[in-house]
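Undergrad: I have a structure here, written as structure tokens, and I will follow up with some questions on it.
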Amino acid sequence: MSGAIAPNGKPLPVVLKAARDELLSSWLARHARFYGVSGPFFAKWLGLGDIRLSALDYRLGLKQVARLTEKLCSDPAALIGMTQINALDGQVCNLISRGRPQQICYSCAHRYAQDGAEGAVPKHWSKAWRITCPTCGLAFTDTNEHRGSRATLHETTPFDDLWSEAVAGEQIIERYLADGKRDEHSPIAVMQLLLVQTWKPITRDREHPVVEWVLGTLFPNFDAHARPIKRRVTHASITSLPIELRPALLAGLARVAADPQVLRDLRSATLLRGQRNFDRFCREANFEPPQARQLSHQ
């Protein structure tokens, strides 16, 4: 690269066009491949420091913005808009996956390649509330559980029967984030509520409790799929939930949104160990925590 480009303040001789909604790290990585160098070398050459390109999606200093503006002849605001920085405040940060995206739209990936942007990674492939592509509307493909397969999530999820409700849940979050109405019920807090763990005994004498989730009260087979990977199914990290289980979570959100009274039944089925978190997320979602139903003793 040093033979093709002199290390000075001049812009790059060739600046690639960014794909629609492309991440900054993806755009820079495509430049690195174009010039035949590694990502870390390219970052150093640009004067960005000894960093991974992916780190720039979440932390971008003013000096780095200035260097990129100079080298890539780009608008500073546009560069910042290619990052996830604006999504790191508040609840939204809990819904942005870091690292390699869990999902991909092969239809759009093919279109990027045809348009000269092969390998481009758009920002929405990191959104942990999406199951469909906002660009073309097709279902995403899971890049973790079904790596190497091009079957869509609609075909591989064990909750395909909940697909229409899941899409409704996806749109609830989209509207909430687009409108910025923080005085309304937060669907993000509702999703966290649904992932609260509760322990239930398998015998009447309460021996040998097994882990279950609030969401399992709505969809009992969720527990069976989640239990083998229980460390990844937690209200503390929605992004760690495997995408193949995401339709159940979104469908659960849609049901609560359609009938908030279902929260009473959900809390009744949540044992004491999970009720504190349940009530906390109820308040964060702007719902009054329902009182558990009194069980009758006959």
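In the structure tokens, chains take letters A, B, ... by order of appearance, with residues numbered from 1 within each chain and ligands from 1 in the order shown.
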Excluding same-chain residues fewer than 2 positions from Cys136 of chain A, what lies within 9 Å of it counting only C-alpha atoms, as number ranges by chain?
TA: A: 105, 107-108, 132-134, 138-139
Undergrad: Leaving out Ala258 of chain A and any residue of its chain fewer than 6 positions from it, which residues lie within 12 Å of it when counting only C-alpha atoms, given as a list in words?
TA: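 In the requested format, the answer is Glu165, Ala168, Gly169, Ile172, His185, Pro187, Ala251 and Gly252 of chain A.
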Undergrad: I need the chosen residues saved as a PDB file, in the first residue's frame, with all heavy atoms.
TA:
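Done, and the output landed in selection25.pdb:
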ATOM      1  N   GLU A 165     -47.192 -12.972  14.690  1.00  0.00           N
ATOM      2  CA  GLU A 165     -47.133 -12.203  15.938  1.00  0.00           C
ATOM      3  C   GLU A 165     -45.739 -11.633  16.150  1.00  0.00           C
ATOM      4  O   GLU A 165     -45.574 -10.514  16.663  1.00  0.00           O
ATOM      5  CB  GLU A 165     -47.510 -13.089  17.120  1.00  0.00           C
ATOM      6  CG  GLU A 165     -48.977 -13.458  17.188  1.00  0.00           C
ATOM      7  CD  GLU A 165     -49.288 -14.289  18.411  1.00  0.00           C
ATOM      8  OE1 GLU A 165     -49.010 -15.501  18.400  1.00  0.00           O
ATOM      9  OE2 GLU A 165     -49.789 -13.721  19.407  1.00  0.00           O
ATOM     10  N   ALA A 168     -45.308  -8.583  14.176  1.00  0.00           N
ATOM     11  CA  ALA A 168     -46.040  -7.501  14.841  1.00  0.00           C
ATOM     12  C   ALA A 168     -45.212  -6.929  15.986  1.00  0.00           C
ATOM     13  O   ALA A 168     -45.165  -5.706  16.191  1.00  0.00           O
ATOM     14  CB  ALA A 168     -47.389  -8.011  15.353  1.00  0.00           C
ATOM     15  N   GLY A 169     -44.538  -7.795  16.738  1.00  0.00           N
ATOM     16  CA  GLY A 169     -43.675  -7.334  17.823  1.00  0.00           C
ATOM     17  C   GLY A 169     -42.503  -6.526  17.301  1.00  0.00           C
ATOM     18  O   GLY A 169     -42.113  -5.519  17.902  1.00  0.00           O
ATOM     19  N   ILE A 172     -43.690  -3.092  16.595  1.00  0.00           N
ATOM     20  CA  ILE A 172     -43.941  -2.325  17.818  1.00  0.00           C
ATOM     21  C   ILE A 172     -42.667  -1.605  18.254  1.00  0.00           C
ATOM     22  O   ILE A 172     -42.688  -0.420  18.607  1.00  0.00           O
ATOM     23  CB  ILE A 172     -44.449  -3.258  18.943  1.00  0.00           C
ATOM     24  CG1 ILE A 172     -45.884  -3.715  18.643  1.00  0.00           C
ATOM     25  CG2 ILE A 172     -44.381  -2.554  20.302  1.00  0.00           C
ATOM     26  CD1 ILE A 172     -46.400  -4.772  19.603  1.00  0.00           C
ATOM     27  N   HIS A 185     -45.557   2.893  26.947  1.00  0.00           N
ATOM     28  CA  HIS A 185     -45.036   1.642  27.471  1.00  0.00           C
ATOM     29  C   HIS A 185     -43.806   1.221  26.673  1.00  0.00           C
ATOM     30  O   HIS A 185     -43.839   1.136  25.450  1.00  0.00           O
ATOM     31  CB  HIS A 185     -46.107   0.556  27.397  1.00  0.00           C
ATOM     32  CG  HIS A 185     -47.340   0.889  28.178  1.00  0.00           C
ATOM     33  ND1 HIS A 185     -47.316   1.154  29.533  1.00  0.00           N
ATOM     34  CD2 HIS A 185     -48.634   1.010  27.798  1.00  0.00           C
ATOM     35  CE1 HIS A 185     -48.542   1.411  29.953  1.00  0.00           C
ATOM     36  NE2 HIS A 185     -49.364   1.334  28.925  1.00  0.00           N
ATOM     37  N   PRO A 187     -41.451  -1.204  24.990  1.00  0.00           N
ATOM     38  CA  PRO A 187     -41.411  -2.603  24.568  1.00  0.00           C
ATOM     39  C   PRO A 187     -40.082  -3.251  24.912  1.00  0.00           C
ATOM     40  O   PRO A 187     -40.006  -4.480  25.051  1.00  0.00           O
ATOM     41  CB  PRO A 187     -41.609  -2.521  23.053  1.00  0.00           C
ATOM     42  CG  PRO A 187     -41.141  -1.152  22.684  1.00  0.00           C
ATOM     43  CD  PRO A 187     -41.485  -0.277  23.844  1.00  0.00           C
ATOM     44  N   ALA A 251     -43.087 -12.315  19.678  1.00  0.00           N
ATOM     45  CA  ALA A 251     -44.503 -12.685  19.748  1.00  0.00           C
ATOM     46  C   ALA A 251     -45.046 -12.447  21.151  1.00  0.00           C
ATOM     47  O   ALA A 251     -46.190 -12.012  21.331  1.00  0.00           O
ATOM     48  CB  ALA A 251     -44.687 -14.143  19.341  1.00  0.00           C
ATOM     49  N   GLY A 252     -44.225 -12.728  22.162  1.00  0.00           N
ATOM     50  CA  GLY A 252     -44.640 -12.458  23.533  1.00  0.00           C
ATOM     51  C   GLY A 252     -44.872 -10.973  23.762  1.00  0.00           C
ATOM     52  O   GLY A 252     -45.840 -10.576  24.420  1.00  0.00           O
TER      53      GLY A 252
END
Undergrad: From the options A:Gly116, A:Pro40, A:Pro122, A:Pro13, which residue's atoms come nearest to Lys71 of chain A, counting only C-alpha atoms?
TA: A:Pro13
Undergrad: DSSP on the backbone: which residues in segment 1-221 of chain A end up as helix (DSSP H, G or I)? Give the answer as a ChimeraX atom specification.
TA: /A:24-35,39-46,53-57,62-72,76-81,85-87,90-95,106-114,123-126,153-156,160-179,187-194,214-218,221
Undergrad: For Phe281 of chain A, which of A:Thr141, A:Thr156, A:Gln91, A:Thr217 is the closest residue, counting only C-alpha atoms?
TA: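 Nearest to Phe281 of chain A: A:Gln91.
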Undergrad: Need to verify the contact set: segment 228-241 of chain A, 12 Å, only C-alpha atoms, exclusion of same-chain residues closer than 4 positions in sequence. Can you return it as a PyMOL selection string?
TA: chain A and resi 91-103+125-130+142+144-145+188-198+210-216+222-224+245-250+274+277-278+280-281
Undergrad: Report, in Å to a single decimal, how far apart atom CA of Arg273 of chain A and atom CA of Pro260 of chain A are.
TA: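 The value is 22.3 Å.
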Undergrad: Taking only C-alpha atoms into account, which of A:Pro290, A:Pro220, A:Gly180, A:Pro158 comes nearest Pro242 of chain A?
TA: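 The shortest atom-to-atom distance to Pro242 of chain A comes from A:Pro158.
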Undergrad: Find the distance between atom CA of Tyr176 of chain A and atom CA of Leu56 of chain A and write it in Å to one decimal.
TA: 26.8 Å
Undergrad: Figure out the distance between atom CA of Phe219 of chain A and atom CA of Ala269 of chain A, please, to one decimal in Å.
TA: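 Taking atom CA of Ala269 of chain A as the start and atom CA of Phe219 of chain A as the end point, the length is 12.6 Å.
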Undergrad: Restricting the calculation to only C-alpha atoms: of A:Gln114, A:Ile85, A:Ile243, A:Asp265, which residue gets closest to Phe159 of chain A?
TA: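 Of A:Gln114, A:Ile85, A:Ile243, A:Asp265, the one nearest Phe159 of chain A, counting only C-alpha atoms, is A:Ile243.
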Undergrad: As a count of residues only, list the residues of segment 66-220 of chain A assigned to strand (DSSP E or B) by DSSP on the backbone atoms of this structure.
TA: 19
Undergrad: Kindly indicate which residue among A:Ala257, A:Leu153, A:Leu24, A:Leu53 lies nearest to Leu79 of chain A, using only C-alpha atoms for the distances.
TA: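 Closest to Leu79 of chain A of all the choices is A:Leu24.
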